[in-house]
Structure formats: C-alpha cells, structure tokens
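See below for run00.json, which holds JSON, C-alpha atoms.
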[["chain", "number", "residue", "atom", "x", "y", "z"],
["A", 1, "MET", "CA", -111.92, 167.42, 25.45],
["A", 2, "VAL", "CA", -109.56, 165.58, 23.15],
["A", 3, "PRO", "CA", -106.46, 164.30, 24.86],
["A", 4, "GLY", "CA", -103.56, 166.48, 23.82],
["A", 5, "MET", "CA", -105.72, 169.40, 22.67],
["A", 6, "ASN", "CA", -106.38, 172.22, 25.03],
["A", 7, "VAL", "CA", -107.76, 175.74, 24.68],
["A", 8, "GLN", "CA", -107.17, 178.38, 27.31],
["A", 9, "LEU", "CA", -109.40, 181.44, 27.10],
["A", 10, "LEU", "CA", -108.51, 184.79, 28.59],
["A", 11, "TYR", "CA", -110.75, 187.84, 28.34],
["A", 12, "LYS", "CA", -109.30, 191.28, 28.96],
["A", 13, "ASP", "CA", -110.33, 194.78, 27.83],
["A", 14, "GLY", "CA", -112.57, 193.58, 24.99],
["A", 15, "VAL", "CA", -110.03, 191.09, 23.66],
["A", 16, "LEU", "CA", -110.59, 187.35, 23.93],
["A", 17, "THR", "CA", -107.34, 185.41, 23.65],
["A", 18, "ALA", "CA", -107.62, 181.72, 22.77],
["A", 19, "LYS", "CA", -104.35, 179.96, 23.46],
["A", 20, "MET", "CA", -104.44, 176.58, 21.78],
["A", 21, "SER", "CA", -102.09, 173.70, 22.44],
["A", 22, "GLY", "CA", -101.92, 170.44, 20.52],
["A", 23, "GLU", "CA", -102.51, 169.44, 16.90],
["A", 24, "ILE", "CA", -105.37, 171.04, 14.97],
["A", 25, "ASP", "CA", -107.27, 168.76, 12.61],
["A", 26, "HIS", "CA", -110.92, 168.17, 11.71],
["A", 27, "HIS", "CA", -111.39, 166.26, 14.97],
["A", 28, "SER", "CA", -109.86, 168.75, 17.40],
["A", 29, "ALA", "CA", -111.13, 171.83, 15.50],
["A", 30, "GLN", "CA", -114.65, 170.98, 16.60],
["A", 31, "GLU", "CA", -113.72, 171.13, 20.28],
["A", 32, "ILE", "CA", -111.78, 174.37, 19.85],
["A", 33, "ARG", "CA", -114.69, 175.94, 17.97],
["A", 34, "GLU", "CA", -117.16, 175.05, 20.72],
["A", 35, "ALA", "CA", -114.91, 176.46, 23.42],
["A", 36, "ILE", "CA", -114.30, 179.75, 21.57],
["A", 37, "ASP", "CA", -117.87, 180.27, 20.35],
["A", 38, "ASP", "CA", -119.44, 179.59, 23.72],
["A", 39, "THR", "CA", -117.56, 182.44, 25.38],
["A", 40, "SER", "CA", -117.56, 184.70, 22.30],
["A", 41, "GLN", "CA", -121.33, 184.68, 21.95],
["A", 42, "LYS", "CA", -121.78, 185.60, 25.62],
["A", 43, "VAL", "CA", -119.17, 188.36, 25.77],
["A", 44, "LYS", "CA", -119.03, 189.57, 22.12],
["A", 45, "PRO", "CA", -115.42, 190.80, 22.30],
["A", 46, "TYR", "CA", -114.34, 193.24, 19.61],
["A", 47, "CYS", "CA", -111.27, 191.13, 18.99],
["A", 48, "LEU", "CA", -110.45, 187.42, 19.01],
["A", 49, "ARG", "CA", -106.76, 186.73, 19.31],
["A", 50, "MET", "CA", -105.98, 183.16, 18.24],
["A", 51, "ASP", "CA", -102.61, 182.14, 19.67],
["A", 52, "PHE", "CA", -101.04, 179.21, 17.78],
["A", 53, "SER", "CA", -97.71, 179.19, 19.64],
["A", 54, "GLY", "CA", -98.56, 175.83, 21.25],
["A", 55, "VAL", "CA", -99.72, 174.22, 17.99],
["A", 56, "PRO", "CA", -97.09, 171.99, 16.33],
["A", 57, "PHE", "CA", -99.35, 170.83, 13.48],
["A", 58, "MET", "CA", -102.40, 172.11, 11.64],
["A", 59, "ASP", "CA", -104.11, 170.93, 8.46],
["A", 60, "SER", "CA", -106.69, 172.88, 6.44],
["A", 61, "SER", "CA", -109.28, 172.27, 9.17],
["A", 62, "GLY", "CA", -107.45, 175.04, 11.02],
["A", 63, "ILE", "CA", -108.21, 177.40, 8.13],
["A", 64, "GLY", "CA", -111.88, 176.40, 8.33],
["A", 65, "LEU", "CA", -111.73, 177.11, 12.06],
["A", 66, "ILE", "CA", -110.29, 180.60, 11.51],
["A", 67, "LEU", "CA", -112.72, 181.36, 8.68],
["A", 68, "GLY", "CA", -115.69, 180.32, 10.82],
["A", 69, "ARG", "CA", -114.57, 182.63, 13.66],
["A", 70, "VAL", "CA", -114.06, 185.53, 11.22],
["A", 71, "ARG", "CA", -117.65, 185.04, 10.07],
["A", 72, "LEU", "CA", -118.93, 184.87, 13.65],
["A", 73, "TYR", "CA", -117.07, 188.02, 14.73],
["A", 74, "ASN", "CA", -118.39, 189.85, 11.66],
["A", 75, "PHE", "CA", -121.86, 189.64, 13.23],
["A", 76, "TRP", "CA", -120.86, 192.25, 15.83],
["A", 77, "LYS", "CA", -118.20, 193.97, 13.69],
["A", 78, "GLY", "CA", -115.38, 192.34, 15.61],
["A", 79, "HIS", "CA", -112.16, 191.05, 14.10],
["A", 80, "VAL", "CA", -109.75, 188.14, 14.36],
["A", 81, "VAL", "CA", -105.98, 188.28, 14.92],
["A", 82, "LEU", "CA", -103.67, 185.29, 14.42],
["A", 83, "CYS", "CA", -100.41, 185.04, 16.32],
["A", 84, "GLY", "CA", -97.68, 182.58, 17.23],
["A", 85, "LEU", "CA", -97.62, 180.93, 13.79],
["A", 86, "SER", "CA", -94.62, 178.65, 13.25],
["A", 87, "PRO", "CA", -93.12, 178.45, 9.72],
["A", 88, "ASN", "CA", -95.05, 175.20, 9.43],
["A", 89, "LEU", "CA", -98.41, 176.74, 10.12],
["A", 90, "ASN", "CA", -97.51, 179.84, 8.21],
["A", 91, "LYS", "CA", -97.16, 177.79, 5.03],
["A", 92, "MET", "CA", -100.80, 176.71, 5.38],
["A", 93, "VAL", "CA", -101.92, 180.24, 6.23],
["A", 94, "GLU", "CA", -100.12, 181.66, 3.17],
["A", 95, "LEU", "CA", -101.59, 179.02, 0.86],
["A", 96, "SER", "CA", -105.12, 179.74, 2.09],
["A", 97, "GLY", "CA", -104.99, 183.52, 1.69],
["A", 98, "ILE", "CA", -106.79, 183.83, 5.04],
["A", 99, "GLY", "CA", -104.61, 186.90, 5.67],
["A", 100, "SER", "CA", -107.12, 188.90, 3.63],
["A", 101, "VAL", "CA", -109.82, 188.48, 6.30],
["A", 102, "ALA", "CA", -107.81, 188.08, 9.51],
["A", 103, "SER", "CA", -104.79, 190.08, 10.62],
["A", 104, "ILE", "CA", -101.56, 188.24, 11.25],
["A", 105, "GLU", "CA", -99.24, 189.25, 14.05],
["A", 106, "ARG", "CA", -95.70, 188.31, 13.07],
["A", 107, "ARG", "CA", -93.34, 186.82, 15.59],
["A", 108, "ALA", "CA", -90.60, 189.06, 16.80],
["A", 109, "GLY", "CA", -87.23, 187.94, 15.50],
["B", 1, "MET", "CA", -92.51, 148.79, -12.39],
["B", 2, "MET", "CA", -90.03, 149.21, -9.56],
["B", 3, "LYS", "CA", -90.56, 147.17, -6.43],
["B", 4, "PRO", "CA", -90.81, 149.06, -3.13],
["B", 5, "VAL", "CA", -87.96, 148.52, -0.68],
["B", 6, "ASN", "CA", -90.39, 148.68, 2.22],
["B", 7, "LYS", "CA", -94.11, 149.03, 2.74],
["B", 8, "ALA", "CA", -96.74, 149.33, 5.44],
["B", 9, "GLU", "CA", -100.50, 149.05, 5.52],
["B", 10, "ILE", "CA", -102.96, 150.25, 8.10],
["B", 11, "SER", "CA", -106.72, 150.39, 8.29],
["B", 12, "PHE", "CA", -109.08, 151.87, 10.84],
["B", 13, "PRO", "CA", -112.73, 152.88, 11.25],
["B", 14, "SER", "CA", -113.61, 156.37, 10.00],
["B", 15, "ASN", "CA", -113.93, 157.96, 13.45],
["B", 16, "SER", "CA", -112.44, 161.43, 13.42],
["B", 17, "VAL", "CA", -110.31, 160.63, 16.48],
["B", 18, "ASN", "CA", -108.26, 158.37, 14.14],
["B", 19, "GLU", "CA", -107.07, 161.30, 11.98],
["B", 20, "GLY", "CA", -104.24, 161.92, 14.44],
["B", 21, "PHE", "CA", -103.39, 158.23, 14.58],
["B", 22, "ALA", "CA", -103.23, 157.98, 10.77],
["B", 23, "ARG", "CA", -100.73, 160.78, 10.27],
["B", 24, "ALA", "CA", -98.67, 159.73, 13.30],
["B", 25, "ALA", "CA", -98.47, 156.15, 11.97],
["B", 26, "VAL", "CA", -97.40, 157.26, 8.47],
["B", 27, "SER", "CA", -94.94, 159.69, 9.94],
["B", 28, "ALA", "CA", -93.42, 157.02, 12.23],
["B", 29, "PHE", "CA", -92.95, 154.67, 9.26],
["B", 30, "LEU", "CA", -91.23, 157.42, 7.25],
["B", 31, "ALA", "CA", -88.71, 158.04, 10.05],
["B", 32, "GLN", "CA", -86.44, 155.40, 8.42],
["B", 33, "LEU", "CA", -85.87, 157.84, 5.53],
["B", 34, "ASP", "CA", -84.39, 160.33, 8.00],
["B", 35, "PRO", "CA", -86.48, 163.05, 6.35],
["B", 36, "THR", "CA", -86.23, 166.78, 6.93],
["B", 37, "VAL", "CA", -88.89, 168.14, 9.27],
["B", 38, "ALA", "CA", -90.33, 170.27, 6.46],
["B", 39, "ASP", "CA", -90.71, 167.32, 4.05],
["B", 40, "LEU", "CA", -92.18, 165.11, 6.74],
["B", 41, "THR", "CA", -94.68, 167.78, 7.82],
["B", 42, "ASP", "CA", -95.72, 168.32, 4.19],
["B", 43, "LEU", "CA", -96.59, 164.67, 3.67],
["B", 44, "LYS", "CA", -98.14, 164.40, 7.12],
["B", 45, "THR", "CA", -100.40, 167.34, 6.24],
["B", 46, "ALA", "CA", -101.36, 165.83, 2.87],
["B", 47, "VAL", "CA", -102.22, 162.51, 4.56],
["B", 48, "SER", "CA", -104.31, 164.34, 7.14],
["B", 49, "GLU", "CA", -106.26, 166.06, 4.32],
["B", 50, "ALA", "CA", -106.88, 162.81, 2.43],
["B", 51, "VAL", "CA", -107.95, 160.92, 5.54],
["B", 52, "THR", "CA", -110.25, 163.78, 6.58],
["B", 53, "ASN", "CA", -111.85, 163.70, 3.11],
["B", 54, "SER", "CA", -112.59, 159.99, 3.49],
["B", 55, "ILE", "CA", -114.07, 160.54, 6.95],
["B", 56, "VAL", "CA", -116.06, 163.72, 6.22],
["B", 57, "HIS", "CA", -117.13, 163.03, 2.64],
["B", 58, "GLY", "CA", -116.56, 159.36, 1.72],
["B", 59, "TYR", "CA", -118.25, 158.06, 4.85],
["B", 60, "ARG", "CA", -120.54, 161.01, 5.52],
["B", 61, "ASP", "CA", -123.52, 158.83, 6.45],
["B", 62, "ALA", "CA", -121.93, 155.89, 8.20],
["B", 63, "ILE", "CA", -118.69, 154.66, 9.71],
["B", 64, "GLY", "CA", -116.59, 152.66, 7.25],
["B", 65, "THR", "CA", -112.99, 151.56, 6.95],
["B", 66, "VAL", "CA", -110.16, 153.82, 5.77],
["B", 67, "TYR", "CA", -107.18, 152.01, 4.22],
["B", 68, "ILE", "CA", -103.69, 153.48, 3.97],
["B", 69, "SER", "CA", -100.69, 151.96, 2.27],
["B", 70, "VAL", "CA", -97.22, 153.50, 2.31],
["B", 71, "LYS", "CA", -94.55, 152.36, -0.15],
["B", 72, "LEU", "CA", -90.92, 153.41, -0.07],
["B", 73, "PHE", "CA", -88.74, 153.11, -3.19],
["B", 74, "GLU", "CA", -84.94, 153.19, -3.75],
["B", 75, "ASN", "CA", -84.59, 156.85, -4.71],
["B", 76, "GLY", "CA", -86.56, 158.37, -1.83],
["B", 77, "LYS", "CA", -89.81, 158.19, -3.77],
["B", 78, "THR", "CA", -92.66, 157.68, -1.35],
["B", 79, "VAL", "CA", -96.18, 156.74, -2.36],
["B", 80, "VAL", "CA", -99.07, 156.96, 0.10],
["B", 81, "ARG", "CA", -102.44, 155.69, -0.95],
["B", 82, "VAL", "CA", -105.53, 156.61, 1.07],
["B", 83, "ARG", "CA", -108.61, 154.64, 0.09],
["B", 84, "ASP", "CA", -112.21, 154.37, 1.22],
["B", 85, "LYS", "CA", -115.25, 152.39, 0.15],
["B", 86, "GLY", "CA", -117.54, 155.36, 0.66],
["B", 87, "CYS", "CA", -119.92, 157.34, -1.53],
["B", 88, "GLY", "CA", -117.36, 158.38, -4.16],
["B", 89, "ILE", "CA", -116.92, 161.73, -5.93],
["B", 90, "PRO", "CA", -119.28, 162.43, -8.88],
["B", 91, "ASP", "CA", -117.10, 165.21, -10.35],
["B", 92, "ILE", "CA", -113.41, 164.95, -9.39],
["B", 93, "GLU", "CA", -112.41, 168.09, -11.28],
["B", 94, "GLN", "CA", -114.96, 170.18, -9.37],
["B", 95, "ALA", "CA", -114.04, 168.55, -6.05],
["B", 96, "MET", "CA", -110.40, 169.48, -6.60],
["B", 97, "GLU", "CA", -111.14, 173.17, -7.23],
["B", 98, "PRO", "CA", -109.82, 175.32, -4.38],
["B", 99, "LEU", "CA", -112.58, 176.56, -2.06],
["B", 100, "TYR", "CA", -115.12, 174.04, -3.42],
["B", 101, "THR", "CA", -116.63, 172.14, -0.52],
["B", 102, "THR", "CA", -119.74, 170.18, 0.33],
["B", 103, "GLY", "CA", -118.60, 170.08, 3.95],
["B", 104, "GLY", "CA", -120.45, 173.15, 5.22],
["B", 105, "GLU", "CA", -119.40, 176.44, 6.78],
["B", 106, "GLU", "CA", -116.55, 175.13, 8.89],
["B", 107, "ARG", "CA", -114.66, 173.53, 5.98],
["B", 108, "ALA", "CA", -112.31, 175.69, 3.93],
["B", 109, "GLY", "CA", -112.46, 173.58, 0.77],
["B", 110, "LEU", "CA", -108.67, 173.50, 0.59],
["B", 111, "GLY", "CA", -108.00, 169.78, 1.04],
["B", 112, "PHE", "CA", -106.94, 168.98, -2.53],
["B", 113, "ALA", "CA", -105.13, 172.31, -2.98],
["B", 114, "VAL", "CA", -103.05, 171.50, 0.10],
["B", 115, "MET", "CA", -102.33, 167.95, -1.10],
["B", 116, "GLN", "CA", -101.22, 169.29, -4.49],
["B", 117, "SER", "CA", -99.09, 172.00, -2.99],
["B", 118, "PHE", "CA", -97.44, 169.77, -0.34],
["B", 119, "CYS", "CA", -96.76, 166.71, -2.56],
["B", 120, "ASP", "CA", -95.05, 166.14, -5.90],
["B", 121, "SER", "CA", -98.13, 164.54, -7.41],
["B", 122, "VAL", "CA", -101.70, 163.71, -6.44],
["B", 123, "ARG", "CA", -103.84, 161.22, -8.30],
["B", 124, "VAL", "CA", -107.52, 160.71, -7.55],
["B", 125, "THR", "CA", -109.71, 157.91, -8.79],
["B", 126, "SER", "CA", -113.30, 157.60, -7.68],
["B", 127, "SER", "CA", -116.43, 155.70, -8.47],
["B", 128, "VAL", "CA", -119.83, 156.84, -7.19],
["B", 129, "GLY", "CA", -121.16, 154.38, -4.64],
["B", 130, "LYS", "CA", -117.90, 152.42, -4.58],
["B", 131, "GLY", "CA", -115.30, 154.71, -3.09],
["B", 132, "THR", "CA", -112.33, 156.96, -3.63],
["B", 133, "SER", "CA", -108.60, 156.44, -3.80],
["B", 134, "VAL", "CA", -106.06, 159.25, -3.41],
["B", 135, "THR", "CA", -102.43, 158.54, -4.30],
["B", 136, "LEU", "CA", -99.87, 160.98, -2.93],
["B", 137, "THR", "CA", -96.31, 160.87, -4.25],
["B", 138, "LYS", "CA", -93.43, 162.73, -2.68],
["B", 139, "TYR", "CA", -89.70, 162.52, -3.29],
["B", 140, "PHE", "CA", -87.68, 162.68, -0.10],
["B", 141, "GLU", "CA", -84.10, 163.75, -0.18],
["B", 142, "THR", "CA", -82.14, 160.78, 1.01],
["B", 143, "LYS", "CA", -79.37, 161.70, 3.38],
["B", 144, "ARG", "CA", -77.83, 158.26, 3.19]]

This entry written out as structure tokens:
Amino acid sequence: MVPGMNVQLLYKDGVLTAKMSGEIDHHSAQEIREAIDDTSQKVKPYCLRMDFSGVPFMDSSGIGLILGRVRLYNFWKGHVVLCGLSPNLNKMVELSGIGSVASIERRAG
Amino acid sequence: MMKPVNKAEISFPSNSVNEGFARAAVSAFLAQLDPTVADLTDLKTAVSEAVTNSIVHGYRDAIGTVYISVKLFENGKTVVRVRDKGCGIPDIEQAMEPLYTTGGEERAGLGFAVMQSFCDSVRVTSSVGKGTSVTLTKYFETKR
C-alpha cells in the first residue's frame, strides 16, 4: 500500500462502497484498482459506490480508474456511482464526460 | 526574451512513486506566488499528467530520468517544462487527440486534453528515440 493512499471497502446489501483517501494518480490508482477488483470479482455487487470525499487531488488516472471499474461491472450488469466529489475533482469529471457511463451523486448543499 | 525572476530544476528516476513528489515539489516552489487554490491545483494537475506521460510512455521499457524546470516571470507568467529522454512520440497530433492512448485499458487518454484545459498554453516537441519535452504555461494572478 502506498503511504498516504488508503481504500476502505464496505459491502452491504449488494452495494460495495470504496472509500478512498489520499491523492489519486497513476501510481496510487493501481493499488486502488487491485483492492476494488479483488473484492468485486468475488462478490459481484450490483453497485460500486466510489467515495471520493477523502481525495484532495486526482489527475486523469482517476478517470481511467473509474472507466476500468465501469467496464468490469458491465460484465455482470452492475453499475458505478461516484460520490463525494470536491469542486476540484468535479472539474476533471466534467472534462472527461465520464458522467455518461457512471452516475454522479451530488453533495448536499 | 524576458529573464525569469526565479527558477528551480529537479530531476528524478521515472518510478511512478515519484509522480507525487514531482507535483508536490512544483507546487511548493509556486507557493511564493501566493496563488489561488484553483490555479495551483490546475497547474499541479497538468504537471502530474506530463510526468505520468514521461513515466508511462517515454520510459515504457526502462527507467530513465525525468527533468522538470519551473520558471517564474515578472507578470505571474509561469513556465513548467517536463522533459524525458525516452522513446519520443511519432505523431504528436494523434497523441494529443482526446481519448487516444497507447497505455491500455486503464488509461483514459485524457492527459493532453487536461493539460490544455488546465493551462494557458501547452507546447510539445518530440523526437523518436530521443525524447519528449512538454512546456506548460500558466498566468497566475499576482496578489502582490
């Protein structure tokens, strides 16, 4: 595990929540992917909820990470939800157009 | 040609663990401009993309050295150059197309699109077998 990057996984009622904390780049994305895919392939949840509330920085590697999980979940007709996006991360998400393949849960307020 | 008022240079081996170091170092040097968080994050993101390109593409087969220079000018103009001596880009125009990638399934192909969107200008020069240089220019609002 990369120092500073951490993924907490919680499975409940068919939903796997991945709460990430730390910066997401090409380096850390690899670790996050392994953690998520390992559990996902065993459990095959219908929904992956990616929680970015603990992520202060993300480059386009984060978009690759999301896209890869959307593809994986498509294998068993599951879907991906993004939540906890700061304005920072949202700028990247908007630019990528990833909202057309993953649903985005807006922050209250 | 205006002379920079301050400059910094760093170099490091192309291990992916250094991506975080590279953007943190650039960002720490830019603190003297007292930039807005949004501006700083934009440039930090662009640097992260350029450095990742050098690591993933430039030095795809072996570890090499990534060179970064940061130059600050009077009017808040900031120029960051990210350079490698890697394999080079055969077709820059194609490489800069959004969604084009040779990096496989886990890469979004957005690196250059992000750099262009988050900076005021992006210039790429490359020579196959010799390396690639990406020059990012951003104008920071000076609060002073």

message: Around (-106.7, 167.0, 14.8), as given in the file, which residues come within 9 Å? Count only C-alpha atoms and list them as a PyMOL selection string.
response: (chain A and resi 2+5+22-29+57-59+61-62) or (chain B and resi 16-20+48)

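Considering the residues B:Glu106, B:Val82, B:Gly64, B:Phe112 and counting only C-alpha atoms, Gln94 (chain B) has its shortest atom-to-atom contact with B:Phe112.
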
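For the pair CA of Tyr73 (chain A) and CA of Ala113 (chain B), the interatomic distance is 26.5 Å.
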
- prompt: So which residues touch region 126-139 of chain B within 9 Å, counting all atoms listed in the file, skipping near sequence neighbours fewer than 4 positions away, as an NGL selection string?
  reply: :B and (39 or 43 or 46-47 or 50 or 54 or 58 or 75-92 or 115-116 or 118-122)

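We find CA of Leu82 (chain A) and CA of Thr17 (chain A) to be spaced 9.9 Å apart.
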
Test item: axis-aligned box, all listed atoms of region 47-60 of chain A, 3 Å on each side, centre and edges in Å rounded to one decimal, as JSON:
{"center_x": -104.2, "center_y": 181.0, "center_z": 13.8, "size_x": 20.2, "size_y": 26.3, "size_z": 20.8}

Quick one: everything within 10 Å of Met20 (chain A), counting only C-alpha atoms, minus sequence neighbours fewer than 2 positions away in the same chain. Send it as a compact mmCIF listing (two decimals) with C-alpha atoms, keeping the file's coordinate frame.
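Output saved as around36.txt:
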# COMPACT_ATOMS: atom_id res chain seq x y z
CA MET A 5 -105.72 169.40 22.67
CA ASN A 6 -106.38 172.22 25.03
CA VAL A 7 -107.76 175.74 24.68
CA GLN A 8 -107.17 178.38 27.31
CA LEU A 9 -109.40 181.44 27.10
CA THR A 17 -107.34 185.41 23.65
CA ALA A 18 -107.62 181.72 22.77
CA GLY A 22 -101.92 170.44 20.52
CA GLU A 23 -102.51 169.44 16.90
CA ILE A 24 -105.37 171.04 14.97
CA ILE A 32 -111.78 174.37 19.85
CA MET A 50 -105.98 183.16 18.24
CA ASP A 51 -102.61 182.14 19.67
CA PHE A 52 -101.04 179.21 17.78
CA SER A 53 -97.71 179.19 19.64
CA GLY A 54 -98.56 175.83 21.25
CA VAL A 55 -99.72 174.22 17.99

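Each of A:Leu95, A:Val101, A:Leu48, A:Ile36 was checked against chain B using all atoms listed in the file; the smallest atom-to-atom distance is that of A:Leu95.
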
Point-to-point distance in Å for CA of Leu85 (chain A) and CA of Lys19 (chain A): 11.8 Å

- prompt: If you count all atoms listed in the file, which residues fall within 12 Å of Ser96 (chain A), apart from same-chain ones fewer than 5 positions away, as a PyMOL selection string?
  reply: (chain A and resi 59-64+66-67+89-91+101-102) or (chain B and resi 98-99+108-114+117)

Nearest to chain A by atom-to-atom distance, counting only C-alpha atoms, from B:Thr45, B:Thr65, B:Asn53, B:Thr36: B:Thr45

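Counting all atoms listed in the file, the residue from A:Lys77, A:Arg71, A:Lys42, A:Arg106 that sits nearest to chain B is A:Arg71.
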
- line: If you count only C-alpha atoms, the residue of A:Ser100, A:Ser21, A:Asn88, A:Asn74 closest to chain B turns out to be A:Asn88

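Candidate residues A:Arg49, A:Lys44, A:Arg33, A:His79 were compared for distance to chain B, and the nearest is A:Arg33, using all atoms listed in the file.
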
Skip Gln32 (chain B) itself and residues of its chain fewer than 2 positions away, then list as a PDB file with C-alpha atoms, in the coordinates of the input all residues within 12 Å of it, counting all atoms listed in the file.
ATOM      1  CA  VAL B   5     -87.960 148.520  -0.680  1.00  0.00           C
ATOM      2  CA  ASN B   6     -90.390 148.680   2.220  1.00  0.00           C
ATOM      3  CA  LYS B   7     -94.110 149.030   2.740  1.00  0.00           C
ATOM      4  CA  VAL B  26     -97.400 157.260   8.470  1.00  0.00           C
ATOM      5  CA  SER B  27     -94.940 159.690   9.940  1.00  0.00           C
ATOM      6  CA  ALA B  28     -93.420 157.020  12.230  1.00  0.00           C
ATOM      7  CA  PHE B  29     -92.950 154.670   9.260  1.00  0.00           C
ATOM      8  CA  LEU B  30     -91.230 157.420   7.250  1.00  0.00           C
ATOM      9  CA  ASP B  34     -84.390 160.330   8.000  1.00  0.00           C
ATOM     10  CA  PRO B  35     -86.480 163.050   6.350  1.00  0.00           C
ATOM     11  CA  THR B  36     -86.230 166.780   6.930  1.00  0.00           C
ATOM     12  CA  LEU B  40     -92.180 165.110   6.740  1.00  0.00           C
ATOM     13  CA  LEU B  72     -90.920 153.410  -0.070  1.00  0.00           C
ATOM     14  CA  GLY B  76     -86.560 158.370  -1.830  1.00  0.00           C
ATOM     15  CA  THR B  78     -92.660 157.680  -1.350  1.00  0.00           C
ATOM     16  CA  PHE B 140     -87.680 162.680  -0.100  1.00  0.00           C
ATOM     17  CA  THR B 142     -82.140 160.780   1.010  1.00  0.00           C
ATOM     18  CA  LYS B 143     -79.370 161.700   3.380  1.00  0.00           C
ATOM     19  CA  ARG B 144     -77.830 158.260   3.190  1.00  0.00           C
TER      20      ARG B 144
END

Missing atoms in region 17-24 of chain B need filling: write out all heavy atoms for it as a PDB file, in the frame of the given file.
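Result file rebuild09.pdb:
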ATOM      1  N   VAL B  17    -111.417 160.720  15.518  1.00  0.00           N
ATOM      2  CA  VAL B  17    -110.310 160.630  16.480  1.00  0.00           C
ATOM      3  C   VAL B  17    -109.108 159.907  15.844  1.00  0.00           C
ATOM      4  O   VAL B  17    -107.966 160.096  16.258  1.00  0.00           O
ATOM      5  CB  VAL B  17    -110.769 159.926  17.794  1.00  0.00           C
ATOM      6  CG1 VAL B  17    -111.038 158.454  17.568  1.00  0.00           C
ATOM      7  CG2 VAL B  17    -109.754 160.131  18.908  1.00  0.00           C
ATOM      8  N   ASN B  18    -109.349 159.112  14.795  1.00  0.00           N
ATOM      9  CA  ASN B  18    -108.260 158.370  14.140  1.00  0.00           C
ATOM     10  C   ASN B  18    -107.446 159.193  13.147  1.00  0.00           C
ATOM     11  O   ASN B  18    -106.433 158.711  12.626  1.00  0.00           O
ATOM     12  CB  ASN B  18    -108.828 157.131  13.433  1.00  0.00           C
ATOM     13  CG  ASN B  18    -109.233 156.053  14.427  1.00  0.00           C
ATOM     14  OD1 ASN B  18    -108.629 155.944  15.498  1.00  0.00           O
ATOM     15  ND2 ASN B  18    -110.246 155.276  14.089  1.00  0.00           N
ATOM     16  N   GLU B  19    -107.845 160.435  12.879  1.00  0.00           N
ATOM     17  CA  GLU B  19    -107.070 161.300  11.980  1.00  0.00           C
ATOM     18  C   GLU B  19    -105.649 161.490  12.511  1.00  0.00           C
ATOM     19  O   GLU B  19    -104.675 161.409  11.764  1.00  0.00           O
ATOM     20  CB  GLU B  19    -107.759 162.663  11.826  1.00  0.00           C
ATOM     21  CG  GLU B  19    -109.071 162.591  11.046  1.00  0.00           C
ATOM     22  CD  GLU B  19    -110.015 163.756  11.326  1.00  0.00           C
ATOM     23  OE1 GLU B  19    -109.627 164.695  12.044  1.00  0.00           O
ATOM     24  OE2 GLU B  19    -111.163 163.708  10.839  1.00  0.00           O
ATOM     25  N   GLY B  20    -105.549 161.729  13.795  1.00  0.00           N
ATOM     26  CA  GLY B  20    -104.240 161.920  14.440  1.00  0.00           C
ATOM     27  C   GLY B  20    -103.418 160.652  14.397  1.00  0.00           C
ATOM     28  O   GLY B  20    -102.221 160.671  14.125  1.00  0.00           O
ATOM     29  N   PHE B  21    -104.072 159.521  14.634  1.00  0.00           N
ATOM     30  CA  PHE B  21    -103.390 158.230  14.580  1.00  0.00           C
ATOM     31  C   PHE B  21    -102.830 157.984  13.175  1.00  0.00           C
ATOM     32  O   PHE B  21    -101.676 157.576  13.018  1.00  0.00           O
ATOM     33  CB  PHE B  21    -104.348 157.094  14.964  1.00  0.00           C
ATOM     34  CG  PHE B  21    -103.883 155.741  14.510  1.00  0.00           C
ATOM     35  CD1 PHE B  21    -102.794 155.132  15.127  1.00  0.00           C
ATOM     36  CD2 PHE B  21    -104.497 155.095  13.446  1.00  0.00           C
ATOM     37  CE1 PHE B  21    -102.329 153.898  14.687  1.00  0.00           C
ATOM     38  CE2 PHE B  21    -104.032 153.874  12.999  1.00  0.00           C
ATOM     39  CZ  PHE B  21    -102.951 153.265  13.614  1.00  0.00           C
ATOM     40  N   ALA B  22    -103.637 158.258  12.156  1.00  0.00           N
ATOM     41  CA  ALA B  22    -103.230 157.980  10.770  1.00  0.00           C
ATOM     42  C   ALA B  22    -101.958 158.734  10.402  1.00  0.00           C
ATOM     43  O   ALA B  22    -101.001 158.152   9.896  1.00  0.00           O
ATOM     44  CB  ALA B  22    -104.365 158.358   9.811  1.00  0.00           C
ATOM     45  N   ARG B  23    -101.920 160.040  10.688  1.00  0.00           N
ATOM     46  CA  ARG B  23    -100.730 160.780  10.270  1.00  0.00           C
ATOM     47  C   ARG B  23     -99.524 160.457  11.153  1.00  0.00           C
ATOM     48  O   ARG B  23     -98.389 160.453  10.683  1.00  0.00           O
ATOM     49  CB  ARG B  23    -100.987 162.277  10.166  1.00  0.00           C
ATOM     50  CG  ARG B  23    -101.510 162.947  11.379  1.00  0.00           C
ATOM     51  CD  ARG B  23    -101.690 164.448  11.214  1.00  0.00           C
ATOM     52  NE  ARG B  23    -102.049 164.991  12.500  1.00  0.00           N
ATOM     53  CZ  ARG B  23    -103.284 165.150  12.936  1.00  0.00           C
ATOM     54  NH1 ARG B  23    -104.292 164.868  12.155  1.00  0.00           N
ATOM     55  NH2 ARG B  23    -103.522 165.606  14.147  1.00  0.00           N
ATOM     56  N   ALA B  24     -99.780 160.125  12.421  1.00  0.00           N
ATOM     57  CA  ALA B  24     -98.670 159.730  13.300  1.00  0.00           C
ATOM     58  C   ALA B  24     -98.076 158.400  12.848  1.00  0.00           C
ATOM     59  O   ALA B  24     -96.857 158.213  12.855  1.00  0.00           O
ATOM     60  CB  ALA B  24     -99.147 159.643  14.750  1.00  0.00           C
TER      61      ALA B  24
END
